[in-house]
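Shown next: structure-v9.cif, containing mmCIF, C-alpha atoms.
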data_upload
loop_
_atom_site.label_atom_id
_atom_site.label_comp_id
_atom_site.auth_asym_id
_atom_site.auth_seq_id
_atom_site.Cartn_x
_atom_site.Cartn_y
_atom_site.Cartn_z
CA MET A 165 13.39 -15.53 -11.88
CA ASN A 166 15.23 -14.69 -8.67
CA VAL A 167 13.41 -13.21 -5.68
CA VAL A 168 14.93 -10.64 -3.31
CA TYR A 169 12.69 -10.07 -0.30
CA MET A 170 13.79 -7.13 1.89
CA HIS A 171 11.95 -6.57 5.14
CA THR A 172 12.12 -4.40 8.22
CA HIS A 173 10.76 -4.29 11.75
CA ASP A 174 8.04 -1.81 12.73
CA THR A 175 8.13 0.62 9.80
CA GLY A 176 4.47 0.79 8.82
CA ARG A 177 4.25 3.40 6.07
CA LEU A 178 6.45 6.03 7.69
CA ILE A 179 8.78 6.38 4.71
CA GLN A 180 9.17 8.96 1.96
CA PRO A 181 7.29 7.10 -0.81
CA TYR A 182 4.11 7.44 1.26
CA GLY A 183 4.58 11.19 1.58
CA HIS A 184 6.05 11.29 5.08
CA PRO A 185 8.94 13.65 5.92
CA VAL A 186 11.30 10.69 6.36
CA PRO A 187 14.01 10.99 3.69
CA THR A 188 14.50 7.57 2.08
CA PRO A 189 15.75 8.28 -1.47
CA HIS A 190 16.66 4.68 -2.32
CA LEU A 191 13.18 3.49 -1.39
CA MET A 192 11.79 6.33 -3.49
CA GLN A 193 13.85 5.09 -6.42
CA LEU A 194 12.64 1.52 -5.89
CA ALA A 195 9.03 2.77 -5.77
CA ARG A 196 9.53 4.64 -9.05
CA GLU A 197 10.93 1.49 -10.66
CA GLY A 198 8.18 -0.74 -9.27
CA THR A 199 4.70 -0.33 -7.80
CA LEU A 200 3.90 1.29 -4.47
CA PHE A 201 0.89 -0.28 -2.76
CA ARG A 202 -1.00 2.40 -0.83
CA LYS A 203 -3.45 0.02 0.85
CA ALA A 204 -1.34 -2.99 1.83
CA TYR A 205 -2.05 -4.70 5.15
CA CYS A 206 -0.42 -7.32 7.33
CA VAL A 207 -2.41 -10.20 8.82
CA ALA A 208 -1.37 -9.41 12.39
CA PRO A 209 0.15 -6.28 13.98
CA THR A 210 2.89 -8.19 15.86
CA CYS A 211 6.20 -9.55 14.59
CA SER A 212 6.10 -13.35 14.32
CA PRO A 213 2.40 -13.73 13.48
CA SER A 214 2.68 -11.09 10.75
CA ARG A 215 5.70 -12.68 9.12
CA SER A 216 4.18 -16.14 9.40
CA GLY A 217 1.17 -14.95 7.42
CA LEU A 218 3.29 -13.50 4.62
CA LEU A 219 5.67 -16.45 4.42
CA THR A 220 3.13 -19.27 4.66
CA GLY A 221 0.32 -17.52 2.79
CA CYS A 222 -2.20 -18.32 5.53
CA MET A 223 -3.38 -16.74 8.77
CA PRO A 224 -1.48 -17.20 12.04
CA HIS A 225 -4.38 -19.15 13.54
CA ASN A 226 -3.96 -21.60 10.64
CA ASN A 227 -0.17 -21.86 10.55
CA GLY A 228 0.13 -22.06 14.35
CA LEU A 229 2.33 -19.03 14.97
CA TRP A 230 -0.16 -17.11 17.14
CA GLY A 231 2.55 -15.42 19.19
CA LEU A 232 6.24 -14.58 19.25
CA THR A 233 8.82 -17.27 18.56
CA HIS A 234 11.12 -16.15 21.37
CA ARG A 235 8.17 -16.44 23.77
CA GLY A 236 7.46 -20.08 23.00
CA PHE A 237 5.25 -20.11 19.88
CA SER A 238 6.02 -22.00 16.68
CA MET A 239 4.62 -22.99 13.30
CA LEU A 240 2.70 -26.22 13.01
CA ASP A 241 4.63 -27.19 9.87
CA PRO A 242 7.75 -25.22 8.84
CA LYS A 243 7.53 -26.79 5.38
CA MET A 244 4.70 -24.35 4.66
CA HIS A 245 7.30 -21.57 4.73
CA LEU A 246 8.07 -19.99 1.37
CA ALA A 247 11.79 -20.76 1.69
CA SER A 248 11.08 -24.46 2.19
CA PHE A 249 8.57 -24.47 -0.66
CA LEU A 250 11.08 -22.92 -3.07
CA ALA A 251 14.02 -25.01 -1.86
CA GLU A 252 12.06 -28.16 -2.74
CA ARG A 253 11.56 -26.75 -6.24
CA GLY A 254 15.20 -26.13 -7.02
CA TYR A 255 15.80 -22.65 -5.65
CA GLU A 256 18.85 -21.64 -3.67
CA THR A 257 17.25 -20.23 -0.53
CA VAL A 258 19.34 -17.72 1.39
CA LEU A 259 18.79 -15.78 4.60
CA CYS A 260 20.72 -12.76 5.78
CA GLY A 261 19.87 -10.89 8.95
CA ILE A 262 16.66 -11.04 10.94
CA GLN A 263 13.90 -13.59 10.63
CA HIS A 264 11.20 -14.07 13.24
CA GLU A 265 9.39 -17.22 12.17
CA ALA A 266 11.44 -19.83 14.05
CA ASN A 267 14.10 -20.05 16.72
CA ASP A 268 16.25 -22.03 14.27
CA ALA A 269 16.21 -20.59 10.74
CA SER A 270 17.38 -23.89 9.24
CA GLU A 271 13.94 -25.34 10.03
CA LEU A 272 12.40 -22.95 7.53
CA GLY A 273 14.15 -24.30 4.44
CA TYR A 274 17.04 -21.88 4.06
CA VAL A 275 20.05 -23.70 2.65
CA ARG A 276 22.53 -20.87 3.08
CA MET A 277 22.97 -18.31 5.85
CA LEU A 278 24.89 -15.06 5.42
CA GLY A 279 26.18 -13.61 8.67
CA SER A 280 24.28 -14.03 11.95
CA GLN A 281 20.54 -14.54 12.29
CA ASP A 282 20.59 -14.82 16.08
CA TYR A 283 17.62 -12.83 17.31
CA SER A 284 18.81 -13.30 20.91
CA MET A 285 21.47 -10.65 20.29
CA ARG A 286 18.65 -8.12 20.60
CA ASP A 287 19.83 -6.89 23.98
CA PHE A 288 19.77 -3.15 23.12
CA LYS A 289 23.52 -3.01 23.57
CA SER A 290 24.14 -4.30 20.08
CA ASP A 291 25.08 -1.97 17.27
CA TRP A 292 22.07 -2.43 14.97
CA ARG A 293 23.36 0.16 12.52
CA ARG A 294 26.42 -1.95 11.93
CA PHE A 295 24.39 -5.19 12.02
CA ASP A 296 22.15 -4.07 9.17
CA THR A 297 24.74 -2.31 7.00
CA GLU A 298 27.24 -5.19 7.22
CA ASN A 299 24.49 -7.63 6.32
CA ALA A 300 23.50 -5.43 3.38
CA GLY A 301 27.09 -5.73 2.19
CA ARG A 302 26.90 -9.52 2.48
CA VAL A 303 23.69 -9.54 0.46
CA ALA A 304 25.25 -7.35 -2.22
CA ASP A 305 28.28 -9.66 -2.42
CA PHE A 306 26.01 -12.70 -2.76
CA ILE A 307 24.02 -11.11 -5.58
CA ARG A 308 27.24 -10.36 -7.48
CA GLU A 309 28.28 -14.02 -7.35
CA LYS A 310 27.69 -16.34 -10.30
CA HIS A 311 24.63 -18.51 -9.71
CA ASP A 312 23.86 -21.87 -11.26
CA LYS A 313 20.20 -21.76 -10.29
CA PRO A 314 17.65 -19.13 -9.30
CA PHE A 315 17.69 -17.88 -5.73
CA PHE A 316 15.27 -16.68 -3.07
CA LEU A 317 17.06 -14.24 -0.81
CA ALA A 318 15.48 -12.92 2.39
CA PHE A 319 17.25 -9.90 3.86
CA GLY A 320 15.86 -8.91 7.25
CA MET A 321 16.83 -5.62 8.86
CA PHE A 322 16.50 -4.89 12.57
CA ASN A 323 15.84 -1.20 11.98
CA THR A 324 13.29 0.46 12.44
CA HIS A 325 12.69 -1.53 15.63
CA ARG A 326 13.31 0.09 18.99
CA ASP A 327 15.63 1.10 20.43
CA PHE A 328 16.26 3.68 17.72
CA PRO A 329 19.77 5.10 17.18
CA VAL A 330 20.55 7.53 19.98
CA LEU A 331 20.86 11.12 18.75
CA PRO A 332 21.75 14.24 20.72
CA LYS A 333 18.88 16.61 21.30
CA THR A 334 19.30 19.63 19.04
CA ALA A 335 17.30 22.49 17.62
CA ALA A 336 16.66 20.29 14.58
CA ASP A 337 14.12 18.37 16.68
CA ASP A 338 11.85 21.41 16.46
CA TYR A 339 11.38 20.76 12.75
CA VAL A 340 10.29 17.13 13.04
CA MET A 341 6.60 16.20 13.12
CA PRO A 342 5.56 13.16 15.19
CA PRO A 343 3.14 10.93 13.32
CA ALA A 344 -0.57 11.07 14.13
CA PRO A 345 -1.89 10.24 16.69
CA LEU A 346 1.10 11.35 18.79
CA ALA A 347 1.10 14.77 20.45
CA ASP A 348 3.35 17.39 18.90
CA ILE A 349 5.57 17.91 21.96
CA PRO A 350 9.37 17.98 22.42
CA VAL A 351 9.85 14.41 23.67
CA ASN A 352 7.84 13.00 20.79
CA ARG A 353 9.64 15.15 18.25
CA HIS A 354 12.98 13.87 19.47
CA ASP A 355 11.70 10.28 19.47
CA MET A 356 10.56 10.74 15.89
CA ALA A 357 13.92 12.23 14.93
CA GLU A 358 15.55 9.02 16.12
CA PHE A 359 13.04 6.95 14.12
CA VAL A 360 13.98 9.01 11.04
CA GLU A 361 17.63 8.10 11.57
CA SER A 362 16.69 4.44 11.90
CA ALA A 363 14.76 4.65 8.63
CA ARG A 364 17.77 6.29 7.01
CA ILE A 365 19.82 3.20 7.89
CA VAL A 366 17.17 1.00 6.27
CA ASP A 367 17.32 3.16 3.15
CA GLU A 368 21.10 2.94 3.00
CA CYS A 369 20.86 -0.85 3.11
CA VAL A 370 18.19 -0.94 0.40
CA GLY A 371 20.45 1.21 -1.75
CA LEU A 372 23.35 -1.22 -1.39
CA VAL A 373 21.19 -4.20 -2.38
CA ALA A 374 19.43 -2.43 -5.25
CA GLY A 375 22.78 -1.25 -6.58
CA ALA A 376 24.14 -4.79 -6.56
CA ILE A 377 21.11 -6.05 -8.50
CA ARG A 378 21.66 -3.41 -11.19
CA GLU A 379 25.42 -3.89 -11.37
CA SER A 380 25.25 -7.69 -11.58
CA GLY A 381 23.03 -7.65 -14.65
CA VAL A 382 20.18 -9.67 -13.11
CA GLU A 383 17.68 -6.80 -12.81
CA ASP A 384 15.33 -8.11 -15.51
CA LYS A 385 15.19 -11.58 -13.99
CA THR A 386 14.85 -10.59 -10.33
CA ILE A 387 11.62 -9.87 -8.47
CA VAL A 388 12.26 -7.32 -5.71
CA ILE A 389 9.90 -6.99 -2.74
CA PHE A 390 10.23 -4.48 0.07
CA THR A 391 7.87 -4.56 3.02
CA THR A 392 7.66 -4.49 6.81
CA ASP A 393 5.90 -6.60 9.40
CA HIS A 394 3.42 -4.02 10.78
CA GLY A 395 3.04 -0.49 12.09
CA PRO A 396 5.67 1.55 13.93
CA ALA A 397 6.44 1.03 17.62
CA PHE A 398 4.45 3.99 18.88
CA PRO A 399 1.23 3.95 20.94
CA GLU A 400 -1.95 3.47 18.90
CA MET A 401 0.09 1.81 16.14
CA LYS A 402 1.95 -1.50 16.51
CA GLY A 403 -0.26 -4.09 18.17
CA THR A 404 -3.52 -2.38 17.20
CA MET A 405 -6.10 -3.02 14.49
CA TYR A 406 -6.05 0.61 13.41
CA ASP A 407 -4.56 1.28 9.98
CA PHE A 408 -1.57 2.70 11.88
CA GLY A 409 -1.03 -0.84 13.20
CA ILE A 410 -1.89 -3.16 10.30
CA GLY A 411 -1.02 -0.83 7.41
CA VAL A 412 2.35 -1.68 5.86
CA SER A 413 4.66 -0.38 3.22
CA LEU A 414 4.86 -2.64 0.18
CA ILE A 415 6.86 -2.11 -3.01
CA ILE A 416 7.10 -4.74 -5.73
CA LYS A 417 9.41 -4.52 -8.74
CA ILE A 418 8.88 -7.12 -11.43
CA LYS A 419 9.50 -7.29 -15.17
CA GLY A 420 6.40 -6.73 -17.28
CA ASN A 421 4.70 -4.57 -14.67
CA VAL A 422 2.30 -2.23 -16.47
CA MET A 423 1.94 -0.21 -13.25
CA SER A 424 5.66 0.41 -12.94
CA GLY A 425 6.40 3.88 -11.63
CA GLY A 426 2.96 4.35 -10.12
CA ALA A 427 0.88 3.56 -7.07
CA ALA A 428 -1.87 1.00 -6.59
CA ASP A 429 -4.88 1.90 -4.45
CA ALA A 430 -6.23 -1.65 -4.43
CA LEU A 431 -6.69 -3.41 -1.10
CA VAL A 432 -3.98 -6.06 -0.74
CA SER A 433 -2.86 -8.37 2.04
CA HIS A 434 0.49 -9.88 2.94
CA LEU A 435 -1.32 -13.16 2.22
CA ASP A 436 -1.23 -12.21 -1.47
CA ILE A 437 2.56 -12.24 -1.85
CA TYR A 438 2.96 -16.04 -1.76
CA PRO A 439 0.40 -16.74 -4.54
CA THR A 440 1.82 -13.83 -6.54
CA LEU A 441 5.26 -15.43 -6.46
CA CYS A 442 3.85 -18.86 -7.32
CA GLU A 443 2.17 -17.46 -10.40
CA SER A 444 5.18 -15.34 -11.37
CA LEU A 445 7.54 -18.29 -11.04
CA GLU A 446 5.08 -20.66 -12.74
CA LEU A 447 4.81 -22.94 -9.74
CA GLU A 448 1.65 -24.74 -8.67
CA LYS A 449 0.09 -23.05 -5.65
CA PRO A 450 -0.10 -25.15 -2.48
CA ALA A 451 -3.60 -25.90 -1.21
CA TRP A 452 -3.23 -23.97 2.04
CA LEU A 453 -2.89 -20.50 0.48
CA GLN A 454 -5.57 -18.01 1.54
CA GLY A 455 -4.49 -15.02 -0.54
CA VAL A 456 -4.87 -14.02 -4.18
CA SER A 457 -2.29 -13.23 -6.83
CA LEU A 458 -1.47 -9.59 -7.47
CA LEU A 459 -0.48 -10.21 -11.08
CA PRO A 460 -3.88 -9.02 -12.40
CA LEU A 461 -2.91 -5.63 -10.94
CA LEU A 462 0.71 -5.69 -12.06
CA ARG A 463 0.41 -7.35 -15.47
CA GLU A 464 -3.12 -6.41 -16.53
CA GLY A 465 -3.63 -3.09 -14.77
CA ARG A 466 -6.83 -4.12 -12.98
CA ASP A 467 -8.20 -1.88 -10.25
CA SER A 468 -8.69 -4.55 -7.57
CA VAL A 469 -8.20 -8.20 -6.67
CA ARG A 470 -10.18 -8.32 -3.40
CA ASP A 471 -12.86 -6.27 -1.67
CA ALA A 472 -11.75 -6.85 1.93
CA ILE A 473 -8.79 -7.80 4.08
CA PHE A 474 -8.79 -9.57 7.44
CA ALA A 475 -6.39 -9.20 10.37
CA GLU A 476 -6.04 -10.73 13.79
CA ASN A 477 -4.15 -10.52 17.05
CA SER A 478 -3.95 -13.21 19.71
CA PHE A 479 -0.69 -13.06 21.67
CA HIS A 480 2.02 -10.47 21.89
CA VAL A 481 3.34 -9.79 25.38
CA THR A 482 -0.13 -10.44 26.79
CA TYR A 483 -3.19 -12.29 25.52
CA ASP A 484 -5.09 -9.67 23.55
CA PRO A 485 -7.44 -11.42 21.09
CA LYS A 486 -8.91 -9.17 18.39
CA ARG A 487 -10.18 -9.71 14.85
CA CYS A 488 -11.08 -7.23 12.12
CA VAL A 489 -12.36 -6.89 8.59
CA ARG A 490 -11.55 -3.85 6.45
CA THR A 491 -13.15 -2.81 3.17
CA ASP A 492 -12.39 0.30 1.13
CA ARG A 493 -14.96 2.31 3.10
CA HIS A 494 -15.33 0.71 6.54
CA LYS A 495 -13.53 -1.24 9.23
CA TYR A 496 -15.10 -3.44 11.90
CA ILE A 497 -13.01 -4.56 14.92
CA ARG A 498 -14.08 -7.06 17.56
CA ARG A 499 -12.33 -7.51 20.92
CA TYR A 500 -12.58 -10.92 22.58
CA SER A 501 -10.60 -10.37 25.77
CA GLN A 502 -12.54 -10.23 29.05
CA TYR A 503 -9.96 -7.77 30.37
CA PRO A 504 -11.72 -4.41 30.03
CA PHE A 505 -8.76 -2.07 29.47
CA ALA A 506 -6.07 -1.56 26.86
CA MET A 507 -2.85 -3.40 27.67
CA PRO A 508 0.23 -1.17 28.01
CA GLY A 509 2.57 -4.18 28.10
CA ASN A 510 1.89 -4.71 24.39
CA ILE A 511 3.32 -1.26 23.62
CA ASP A 512 7.07 -0.86 23.31
CA GLY A 513 8.60 1.50 25.83
CA CYS A 514 8.79 5.08 24.60
CA PRO A 515 8.17 8.64 25.86
CA ASP A 516 4.61 8.80 24.54
CA LYS A 517 3.71 5.56 26.30
CA ASP A 518 4.98 6.98 29.60
CA LEU A 519 2.83 10.05 29.08
CA ARG A 520 -0.25 7.96 28.37
CA VAL A 521 0.29 5.78 31.42
CA GLY A 522 0.57 8.90 33.57
CA ALA A 523 -2.55 10.40 31.99
CA GLY A 524 -4.62 7.32 32.80
CA GLN A 525 -5.28 6.06 29.27
CA TYR A 526 -4.92 2.44 30.31
CA THR A 527 -7.60 2.69 32.98
CA ARG A 528 -10.31 3.52 30.44
CA VAL A 529 -12.73 0.75 29.52
CA MET A 530 -12.31 -0.40 25.92
CA PRO A 531 -15.36 -1.03 23.70
CA ARG A 532 -16.05 -4.60 22.59
CA GLU A 533 -16.78 -3.52 19.02
CA LEU A 534 -15.52 -0.68 16.87
CA LEU A 535 -16.75 0.54 13.53
CA PHE A 536 -15.11 3.26 11.48
CA ASP A 537 -16.05 5.11 8.32
CA LEU A 538 -12.61 5.36 6.74
CA LEU A 539 -13.65 7.88 4.12
CA LEU A 540 -14.86 10.43 6.66
CA ASP A 541 -12.61 9.35 9.53
CA PRO A 542 -9.33 7.95 8.12
CA CYS A 543 -7.59 8.27 11.51
CA GLU A 544 -10.23 6.02 13.13
CA ARG A 545 -11.10 8.36 15.99
CA VAL A 546 -14.93 8.12 16.02
CA ASN A 547 -16.39 4.72 16.93
CA LEU A 548 -19.71 4.29 15.08
CA ALA A 549 -20.53 0.82 16.41
CA GLY A 550 -23.47 2.21 18.37
CA ASP A 551 -24.74 4.58 15.67
CA PRO A 552 -28.21 3.48 14.46
CA ALA A 553 -27.49 5.02 11.05
CA LEU A 554 -24.66 2.48 10.55
CA ALA A 555 -26.49 -0.53 12.01
CA VAL A 556 -26.83 -2.25 8.63
CA VAL A 557 -23.16 -1.69 7.80
CA LYS A 558 -22.12 -3.03 11.20
CA SER A 559 -24.32 -6.10 10.81
CA GLU A 560 -22.99 -6.85 7.34
CA LEU A 561 -19.35 -6.54 8.44
CA SER A 562 -19.95 -8.54 11.61
CA ASP A 563 -21.50 -11.31 9.53
CA ARG A 564 -18.66 -11.13 7.06
CA LEU A 565 -16.11 -11.46 9.85
CA ASP A 566 -18.02 -14.42 11.31
CA GLY A 567 -18.03 -16.03 7.88
CA TRP A 568 -14.28 -15.64 7.59
CA LEU A 569 -13.71 -17.06 11.09
CA GLU A 570 -15.83 -20.08 10.21
CA LYS A 571 -14.28 -20.58 6.78
CA SER A 572 -10.75 -20.37 8.15
CA ASP A 573 -11.63 -22.42 11.26
CA ASP A 574 -10.41 -19.76 13.69
CA PRO A 575 -10.17 -21.26 17.20
CA ILE A 576 -11.27 -17.94 18.72
CA ARG A 577 -14.83 -19.05 17.94
CA ASN A 578 -14.52 -21.71 20.62
CA GLY A 579 -13.38 -19.41 23.41
CA ARG A 580 -10.01 -18.63 24.96
CA MET A 581 -6.97 -19.66 22.91
CA ILE A 582 -4.49 -21.55 25.09
CA PRO A 583 -0.78 -20.91 24.48
CA PRO A 584 1.67 -23.82 24.14
CA ASP A 585 3.32 -25.24 27.24
CA GLY A 586 6.22 -23.09 28.36
CA ALA A 587 5.03 -19.98 26.54
CA LYS A 588 5.92 -16.68 28.19
CA VAL A 589 2.75 -14.62 28.49
CA GLN A 590 2.39 -11.69 30.85
CA TYR A 591 -0.61 -10.51 32.84
CA SER A 592 -3.02 -8.14 31.13
CA ASP A 593 -2.11 -5.18 33.34
CA THR A 594 1.64 -5.54 32.81
CA ARG A 595 3.13 -2.14 32.01
CA SER A 596 6.47 -3.22 30.57
CA ASN A 597 7.05 -5.79 27.85
CA PHE A 598 10.30 -6.68 29.65
CA ALA A 599 8.61 -7.60 32.92
CA LYS A 600 9.11 -11.20 34.07
CA ASP A 601 5.68 -11.67 35.65
CA TYR A 602 4.64 -14.55 33.41
CA VAL A 603 1.23 -16.16 33.79
CA ASP A 604 1.57 -19.67 35.24
CA ASP A 605 -2.15 -20.51 35.20
CA TRP A 606 -3.88 -20.15 31.82
CA SER A 607 -7.20 -19.46 33.55
CA LYS A 608 -5.66 -16.09 34.49
CA LEU A 609 -4.74 -15.12 30.93
CA GLU A 610 -7.34 -12.37 30.83
CA SER A 611 -6.70 -10.93 34.27
CA GLY A 612 -4.36 -8.57 36.03
CA ARG A 613 -1.93 -9.67 38.70
CA SER A 614 -4.44 -8.69 41.40
#
Show how you would write the structure in this file as C-alpha cells.
Amino acid sequence: MNVVYMHTHDTGRLIQPYGHPVPTPHLMQLAREGTLFRKAYCVAPTCSPSRSGLLTGCMPHNNGLWGLTHRGFSMLDPKMHLASFLAERGYETVLCGIQHEANDASELGYVRMLGSQDYSMRDFKSDWRRFDTENAGRVADFIREKHDKPFFLAFGMFNTHRDFPVLPKTAADDYVMPPAPLADIPVNRHDMAEFVESARIVDECVGLVAGAIRESGVEDKTIVIFTTDHGPAFPEMKGTMYDFGIGVSLIIKIKGNVMSGGAADALVSHLDIYPTLCESLELEKPAWLQGVSLLPLLREGRDSVRDAIFAENSFHVTYDPKRCVRTDRHKYIRRYSQYPFAMPGNIDGCPDKDLRVGAGQYTRVMPRELLFDLLLDPCERVNLAGDPALAVVKSELSDRLDGWLEKSDDPIRNGRMIPPDGAKVQYSDTRSNFAKDYVDDWSKLESGRS
C-alpha cells in the first residue's frame, strides 16, 4: 500500500465537511469516499510539537520537539519519524512542500524532495498560492509516475496559515460569519473571508492530488490521509487547549473501510495515525508508540478505541506550559506557568487580536485550572473547576492527568522546562510573535520584560 499524507497549517475544522460555510468541494468528496473524524485532536496546539506527535507517534515531551524548529528546538532522534521508519522498510519516502519537524528535511528519512521545502521563505512576501498549487502539480506528476516500490508521500501546504490571501473589501464580506468565539463585526468578517480564500486554495490542491490518484489507477492500493496541525490562527484557538485549538480535521480513505462515506464520533488522537499505518501496512509497531490503531473503527465498525485524549503545550513564542485531558463529556486543563495572564505573543497578528489587546483581555488573571462540561458547554465558556457539584469529576480527571504525566515521564512534573541553548523564546508579556526581545536568562522565562 502507498500512503499519501496531505497536511495544512492552522485549519482546525473550519472546512465544509464539518458543516462550516467554507466551500471545499474536493475535501467534501474525499470525506464521502473515506471517513470524517468529528472528534480528532492534535497533541499540541502549535506547529512543530503537533507534527512531531503525529509523525513519531509519541508526545512532544517524549520526542524532544517541545517548541518550534525555527526557534531552536529539535527531535531527540529523527529516526523515530515515520518517513525514516518507512524508508528503512523499503518505502520510497517523498516530501513536497512544508514540513515543520526539522530544519533539514533530509534528517527525517525522506529520500526524495519535490520542489522547495525551505520554511525560511515564509517572509509574507512570498506567493503562497503559487507555492501550494505548483507543489500540488509536482505531487500529481509524481503519483502518475511508474513506481517499483510503495511510497510514502507527505504533501505539506502553507495555506491556511497567516497571512491569508489579500482580498479587496466588498459587500460580500457582509455575508461571511466569523467563527465562534470571534465577534461578528466588519473587520472579523473580512478576515474570515480571506481565510475562506486560503481554504479554497487548499481544496484546489487536494483536488489535483486526489485526481492524480484516481487517474493513475492506484486508488485501491493507496491510503489517503488529510489533516492539519491544530486550530486556526485566531484568538482563543491556535495555541489554546480549547477544542478550537486542539481540534483538527482528519479524513482517512483506505480500502476495506466499512465506515466509508460516513463520520466517526469516536475520540481519536494524532498519536493514533502511526500505529494505524503500521497495522495497515503489516509492519511491526516500534516500542515508543503511545497511540492506538484506528483499524477497529475503520475495518470492524467499532464505536471507540480510547476513552480520553491528552494534549500539551510548552513553548511557542513564549513559555506557556499547559496540559489537558479530554473525555467525551469533560475536559480538564492545568496551567503551570507562574505568569498570571494570557500571553498575546502566542497569538498570530490579526484584527481580533488587536481588539482584544485594546480591550484589556491580556491583563486579566488566568485561572490555574479549568474544567468544562462539553455536553452542556461545547464552546468551553463556563469554568466549573470551582463548582462543588463537579468536585468528584475534577478530582478524577486531575488524577488521570497526573497518571498520564507519570506514565509518559513528562518533565513538567519536575518544574520549569528549560529550552535548548540558543533557543529563541520571548518574554511572557510580548505582544507580537515577531518581536526580537528574546529571553537571555532562563530564570526569567515566566516573567515580563519589567
(message) For the provided coordinates, the residues matched by the PyMOL selection byres ((chain A and resi 416-418) around 8) should be stated as a list in words.
(response) Leu194, Ala195, Glu197, Gly198, Thr199, Leu200, Asp384, Thr386, Ile387, Val388, Ile389, Phe390, Leu414, Ile415, Lys419, Gly420, Asn421 and Ser424 of chain A
(request) List the neighbours of range 247-260 of chain A out to 10 Å using all atoms listed in the file; skip same-chain residues closer than 3 positions along the sequence, and give me the result as number ranges by chain. (result) A: 165-170, 219-220, 242-244, 263, 269-281, 296, 299-300, 302-303, 306, 311-321, 442, 445, 447, 449-450
(request) Identify which of the residues A:Asp484, A:Asp367, A:Asp551, A:Asp338 lies closest to Met530 in chain A, counting all atoms listed in the file when measuring atom-to-atom distances. (result) A:Asp484
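All polymer residues at most 9 Å from (-7.7, -2.5, 20.5), using all atoms listed in the file, appear as A:Glu400, A:Gly403, A:Thr404, A:Met405, A:Tyr406, A:Asp484, A:Pro485, A:Lys486, A:Ile497, A:Arg498, A:Arg499, A:Ala506, A:Met507, A:Met530, A:Pro531, A:Arg532, A:Leu534.
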Take the residues just selected and output them with C-alpha atoms as an mmCIF file, in the frame of the given file.
data_model
loop_
_atom_site.group_PDB
_atom_site.id
_atom_site.type_symbol
_atom_site.label_atom_id
_atom_site.label_comp_id
_atom_site.auth_asym_id
_atom_site.auth_seq_id
_atom_site.Cartn_x
_atom_site.Cartn_y
_atom_site.Cartn_z
ATOM 1 C CA GLU A 400 -1.950 3.470 18.900
ATOM 2 C CA GLY A 403 -0.260 -4.090 18.170
ATOM 3 C CA THR A 404 -3.520 -2.380 17.200
ATOM 4 C CA MET A 405 -6.100 -3.020 14.490
ATOM 5 C CA TYR A 406 -6.050 0.610 13.410
ATOM 6 C CA ASP A 484 -5.090 -9.670 23.550
ATOM 7 C CA PRO A 485 -7.440 -11.420 21.090
ATOM 8 C CA LYS A 486 -8.910 -9.170 18.390
ATOM 9 C CA ILE A 497 -13.010 -4.560 14.920
ATOM 10 C CA ARG A 498 -14.080 -7.060 17.560
ATOM 11 C CA ARG A 499 -12.330 -7.510 20.920
ATOM 12 C CA ALA A 506 -6.070 -1.560 26.860
ATOM 13 C CA MET A 507 -2.850 -3.400 27.670
ATOM 14 C CA MET A 530 -12.310 -0.400 25.920
ATOM 15 C CA PRO A 531 -15.360 -1.030 23.700
ATOM 16 C CA ARG A 532 -16.050 -4.600 22.590
ATOM 17 C CA LEU A 534 -15.520 -0.680 16.870
#
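What the PyMOL selection byres ((chain A and resi 566) around 12) picks from this file is Phe474, Arg487, Cys488, Val489, Tyr496, Ile497, Arg498, Ser559, Glu560, Leu561, Ser562, Asp563, Arg564, Leu565, Gly567, Trp568, Leu569, Glu570, Lys571, Ser572, Asp573, Asp574, Pro575, Ile576 and Arg577 of chain A.
Selection by the PyMOL selection byres ((chain A and resi 443) around 12) on the present file picks out Met165, Asp436, Ile437, Tyr438, Pro439, Thr440, Leu441, Cys442, Ser444, Leu445, Glu446, Leu447, Glu448, Lys449, Pro450, Val456, Ser457, Leu458, Leu459, Pro460, Leu462 and Arg463 of chain A.
Closest approach to Gly465 in chain A from the set A:Gly426, A:Ser362, A:Asn477, A:Tyr591 is made by A:Gly426, with distances taken over all atoms listed in the file.
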(message) So that I can see what lies close to Phe237 in chain A, please list as a PyMOL selection string the residues with an atom at most 8 Å from it, counting all atoms listed in the file and leaving out residues fewer than 5 positions away in the same chain.
(response) chain A and resi 228-232+583-584+587
Closest atom pairs, range 441-521 of chain A residues within 10 Å of range 605-609 of chain A, all atoms listed in the file, as CSV:
residue,atom,partner,partner_atom,distance
A:Thr482,CA,A:Leu609,CA,7.8
A:Tyr483,CA,A:Leu609,CA,6.3
A:Asp484,CA,A:Leu609,CA,9.2
A:Ser501,CA,A:Leu609,CA,9.1
A:Gln502,CA,A:Leu609,CA,9.4
A:Tyr503,CA,A:Leu609,CA,9.0
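CA of Ala599 in chain A is positioned 28.0 Å from CA of Val360 in chain A.
The spacing separating CA of Ser592 in chain A from CA of Val546 in chain A amounts to 25.2 Å.
What separates CA of Val351 in chain A from CA of Met401 in chain A is a distance of 17.6 Å.
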